[in-house]
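**Q** Here you go, one structure.
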Amino acid sequence: MRTRLAVAVIVAAALLWPHAAGAQADRPLVYAQNVPVTAMDTAGATIGTVYPAGYEAMFLIYDNLVAFNDKMELVPQLATEWSVSPDGRTWTFRLRRNVTFHDGTPFNADAALFHLQRQIDPQTNRANRPLWDPLGGAGTVRKIDDFTIAITTERPYGPLLNTLAHGSGGVVSPTAVRRLGEGFARAPVGTGPYAFERLETGTELVLRRNDAYWGGRPGYPRIVLRHVPDPTTRIALLQSGQVDVINLIPPENVAQLQGNPAIDVISRPALRTFGFAFNLNRRQFQDVRVRQAFNYAVNRGPVIKAIFKDFATPIDSPISPHSVGYVPVGTYPYDVDRAKALLTEAGWRPGPDGVLRRDGQAFEITLLTPIGLLPKDIEVTQAFQNFLRVIGVRATINRVEPAAFWDFLRVPPDRLQWDMVLFGFNPSNGDGGYHLASLFESNPSRTGPPKVWNFTWYSNPRVDQLLNQAEGTVDPARRRQLLGEVARIVWNEAPYVWLYAENVIVAKRKEVKNVEVLPVIFTILRNARP
Amino acid sequence: MGPFALRRLLLLLPQALGIATLIFVLFRLVPGDPATIVAGPGATQEQIETLRRDLGLDRPLWAQYVRFLGDLARGDLGTSLSLRQPVTQVLAARLGPSAALMAASLALTVILAVPAGVAAAVRPHSAAAQAVMGASVLALSIPNFLLGMILMQYLSVRWRLLPAAGTGGLAFLVMPTLAIAARLVALVSRTTRASVMEILGEDFVRTARAKGLAPRVVLYRHALRPALPPIVTMIGLQAGYLLGGSIVVETLFAYQGLGQAMITAVSLRDYFLVQGITLLYVVGFLLVNLAVDLSYAAFDPRIRYA
């Protein structure tokens with residue numbers, strides 16, 4: 001009996017030992033992410049980085065010329081100051097001195113030019129083309145002196161600074177890129193506060209402190225970005241103190257975490273706005289009254305309360321209040337009578353079974369939703385189905401695997417297999433103009449897939465013209481005016497049933513300070529301190 | 001024994017070829033074009049065409065098949081699209097943790113279930129036997145991910161005894177192993193009990209008892225060996241569950257094995273990685289079946305000549 005007890009004690013000790021050792025001081029900062037970090041090159045030659053994990057890693061490894069702070073304001077980083085010429089085409093940047101890359105390469109105008117040219121050239125960078133193309137064409141980047149560069153664009157480009165602050169604007173070491181080629185994506189070198197140490201692909205990324213960082217000594221000896229797909233597991237890891245920061249917390253788990261004195265929950269309104277997109281190629285949706293009726297049929301408040309526990313906000317513009325260029329443009333209050341009246345005007349009459357009919361045709365549609373790709377997608381779609389039933393529209397839900405979802409959107413218009421689809425877009429450069437153009441600018445051709453995400457095939461020459469003007473406008477007030485006009489037209493023409501903007505919810509251990517959460521769904525750890 | 005094993009081994013080759021073919025065909029039937037996926041949103045048609053040529057997807061299906069088999073024979077499973085690493089490297093890195101998890105689950109099963117089943121068979125009406133059978137019904141009814149979450153909540157969040165998730169030392173293996181093994185322990189203990197009880201009713205057992213052998217000797221030397229084939233069959237049949245269960249449980253515990261890689265690969269549409277893992281799973285399944293068949297032959301000499 002006594003030997004058995006001894007064996008049990010030894011086994012228990014062996015099991016517990018590694019765990020106990022992990023709790024000691026000088027621990028790294030461990031961040032559990034819902035998706036893995038794979039590639040960390042700013043210029044994706046083939047498949048892009050995994051969002052948001054890849055960019056979150058890149059914001060630790062690289063500095064940008066200019067950066068977003070957590071209010072989405074543009075602040076200096078590797079560029080200390082900048083100015084734009086009166087014609088809005090030439091931007092001059094003064095660069096920070098005494099900065100070196102992790103591999104010892106000095107940062108200067110040549111390095112900045114190397115980075116910009118590599119991003120702009122579609123041969124070396126296939127990703128984020130809508131952000132970088134406006135710097136291409138007849139545009140140039142040139143060196144004025146060792147610490148001054150100038151970017152001249154073919155025509156004025158309003159969101160230029162947003163592009164530079166985007167995740168793909170991280171400045172890479174030219175020596176390392178030349179030396180490593182494709183391999184650079186898995187062994188990145190930048191000037192940021194943490195340097196690449198080790199990547200266990202799909203598992204974890206380990207970064208070490210850059211002791212020579214120009215912005216002062218970073219807070220942790222190491223930062224570990226760990227892939228933990230299951231939200232319950234991320235929460236358990238945080239509660240048990242095994243990790244320090246976790247992302248993507250389901251709204252229903254927030255209360256449980258808020259009750260824990262060792263944990264802080266950070267919730268910020270995100271830039272991603274959601275809606276049900278109409279397939280405007282369908283005959284019944286070509287009447288704007290029908291689309292507006294659908295908008296009046298949805299009671300957004302209870303949906304947000306019940307499904308999102310109030311961690312979402314109804315929208316009053318196609319873009320989020322926190323995007324550049326936002327102005328409130330309207331609301332569609334919950335009004336079933338008005339919805340029914342609009343449908344009657346459009347020629348739809350209820351049949352004996354309560355379903356609307358026109359020319360003997362019942363109003364029956366399909367709603368497409370991915371399974372668990374967008375927050376609460378199934379629940380929201382079911383709620384919408386019920387709202388439609390009230391106004392006499394019979395909707396069937398078609399659920400698809402997350403990985404297959406995009407194939408239902410990125411097809412030519414005659415191959416669309418749905419009538420309405422739940423969708424959310426996040427302008428990752430913080431710019432409302434980019435958001436509106438991605439969704440509502442006319443596609444160049446009806447024989448191919450949509451150029452960006454205009455899979456409703458919305459097309460309005462006035463909107464195209466205004467978007468074009470807004471992109472070519474550098475003055476913020478004028479841009480807001482133009483984008484506000486776009487938002488108003490699109491809102492009233494209603495190619496979507498407008499719904500809500502989500503909140504991005506992150507949690508951390510109390511002892512970790514300065515964790516920043518950007519509305520573009522990024523958790524920024526570069527300034528975190530114990 | 002030798003020729004039998006050899007024949008079974010040789011039979012593996014056509015089986016593996018058939019399955020590789022099936023996988024090749026199935027993956028070409030899946031909607032979605034890998035070149036479009038790799039190129040990512042925002043790629044032009046021209047870029048997609050270039051990639052399709054690079055990946056060899058523009059060639060006729062038979063030519064792709066020949067190339068696929070050729071690569072396979074050389075041990076080349078392609079390059080993971082999302083992880084940008086040869087698939088074989090990913091498999092090599094992930095096989096160890098998964099094998100450890102499965103081996104631990106099987107070991108726990110054999111250590112717990114066989115003695116429990118034998119004990120329950122010897123005294124079928126005792127309180128202990130009833131308790132074992134009751135517990136096994138409970139263990140059978142609870143899904144492995146739920147059991148995993150309960151374990152995580154108590155053993156790590158409340159009591160801080162074990163790390164909640166991750167891969168590393170033995171401590172990281174405990175909860176995933178328990179979550180996977182619970183169902184196996186239940187099934188195997190029930191099978192063992194049934195099988196041993198049946199054998200204990202046989203004439204030769206009565207004879208052994210009648211000639212005055214100690215109950216222990218009767219049980220272990222005479223009854224247990226003929227009772228083994230159904231038990232081993234049950235364990236072998238559960239190999240599929242072990243693979244499937246490992247996918248769910250590894251994902252829950254962020255355990256860096258093949259199952260979790262499979263889920264990640266599917267969600268990132270990593271065509272070649274999914275294909276590679278599927279192939280490895282199927283080969284593993286075949287090998288387990290082979291081991292089960294060979295073990296019959298070891299337990300029952302009559303099978304060798306069948």
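Each chain in the structure tokens gets a letter, A, B, ..., in the order shown, and its residues are numbered from 1; ligands are numbered from 1 in order too.
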Could you list, as a PyMOL selection string, every residue within 12 Å of Gly244 of chain B, counting only C-alpha atoms and ignoring same-chain residues fewer than 2 positions away?
**A** chain B and resi 98+102+144-145+180+238-242+246-251+258-260+262-263+278+281-282+285
**Q** If we count only C-alpha atoms, what is near Pro156 of chain A at a cut-off of 9 Å, once residues fewer than 4 positions away on the same chain are taken out, given as a PyMOL selection string?
**A** chain A and resi 87-90+134+152+160+471-474
**Q** Given only C-alpha atoms as the basis, pick out the residue of A:Leu409, A:Val515, A:Ile144, A:Ala176 nearest to chain B.
**A** A:Leu409
**Q** What's around His222 of chain B at 12 Å? Count only C-alpha atoms, leave out sequence neighbours fewer than 5 positions away in its own chain, and write the answer as a ChimeraX atom specification.
**A** /B:196,199-200,202-209,213-217,227-228
**Q** I'd like to know which of A:Pro461, A:Pro174, A:Gly54, A:Pro159 is closest to Ala109 of chain A, using only C-alpha atoms.
**A** A:Pro174
**Q** Find the residue from B:Ser267, B:Thr88, B:Ser136, B:Asn289 that sits nearest to chain A; use only C-alpha atoms when measuring.
**A**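 Smallest distance to chain A is found for B:Ser267.
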**Q** Determine, counting only C-alpha atoms, which protein, DNA and RNA residues have an atom within 6 Å of an atom of Leu207 of chain A; residues of the same chain fewer than 2 positions away are not included. Present the result as a list in words.
**A**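 The contact residues come out as Tyr194, Ala195, Phe196, Glu197, Arg222 and Ile223 of chain A.
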**Q** What lies within 8 Å of Leu60 of chain A using only C-alpha atoms, ignoring chain neighbours under 5 positions off, as a count of residues only?
**A** 7
**Q** Which residues come within 8 Å of Ala116 of chain B, counting only C-alpha atoms, excluding same-chain residues fewer than 3 positions away, as a JSON list (two decimals) with all heavy atoms, in the first residue's frame?
**A**
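Written out: around_31.json:
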```
[["chain", "number", "residue", "atom", "x", "y", "z"],
["B", 112, "LEU", "N", -7.23, 0.07, -17.82],
["B", 112, "LEU", "CA", -8.44, 0.20, -17.00],
["B", 112, "LEU", "C", -9.52, -0.79, -17.39],
["B", 112, "LEU", "O", -10.13, -1.43, -16.54],
["B", 112, "LEU", "CB", -9.01, 1.62, -17.13],
["B", 112, "LEU", "CG", -8.28, 2.75, -16.42],
["B", 112, "LEU", "CD1", -9.02, 4.06, -16.64],
["B", 112, "LEU", "CD2", -8.18, 2.45, -14.93],
["B", 113, "ALA", "N", -9.76, -0.89, -18.69],
["B", 113, "ALA", "CA", -10.97, -1.57, -19.13],
["B", 113, "ALA", "C", -10.87, -3.08, -18.99],
["B", 113, "ALA", "O", -11.83, -3.73, -18.57],
["B", 113, "ALA", "CB", -11.26, -1.19, -20.57],
["B", 119, "ALA", "N", -13.13, -8.34, -13.89],
["B", 119, "ALA", "CA", -13.67, -8.35, -12.53],
["B", 119, "ALA", "C", -15.19, -8.40, -12.57],
["B", 119, "ALA", "O", -15.83, -9.15, -11.82],
["B", 119, "ALA", "CB", -13.19, -7.11, -11.77],
["B", 120, "ALA", "N", -15.76, -7.63, -13.47],
["B", 120, "ALA", "CA", -17.22, -7.59, -13.56],
["B", 120, "ALA", "C", -17.77, -8.93, -14.05],
["B", 120, "ALA", "O", -18.87, -9.32, -13.69],
["B", 120, "ALA", "CB", -17.67, -6.46, -14.48],
["B", 129, "ALA", "N", -19.22, -4.57, -9.78],
["B", 129, "ALA", "CA", -19.52, -4.85, -11.19],
["B", 129, "ALA", "C", -20.64, -3.94, -11.68],
["B", 129, "ALA", "O", -20.59, -3.40, -12.79],
["B", 129, "ALA", "CB", -19.91, -6.31, -11.36],
["B", 132, "VAL", "N", -19.22, -0.50, -12.24],
["B", 132, "VAL", "CA", -18.43, -0.41, -13.48],
["B", 132, "VAL", "C", -19.36, -0.28, -14.68],
["B", 132, "VAL", "O", -19.17, 0.58, -15.55],
["B", 132, "VAL", "CB", -17.52, -1.65, -13.62],
["B", 132, "VAL", "CG1", -16.98, -1.75, -15.04],
["B", 132, "VAL", "CG2", -16.40, -1.60, -12.62],
["B", 189, "SER", "N", -14.58, -2.27, -21.65],
["B", 189, "SER", "CA", -14.88, -2.99, -20.41],
["B", 189, "SER", "C", -16.17, -3.80, -20.57],
["B", 189, "SER", "O", -16.28, -4.92, -20.08],
["B", 189, "SER", "CB", -14.96, -2.04, -19.21],
["B", 189, "SER", "OG", -15.97, -1.11, -19.40]]
```
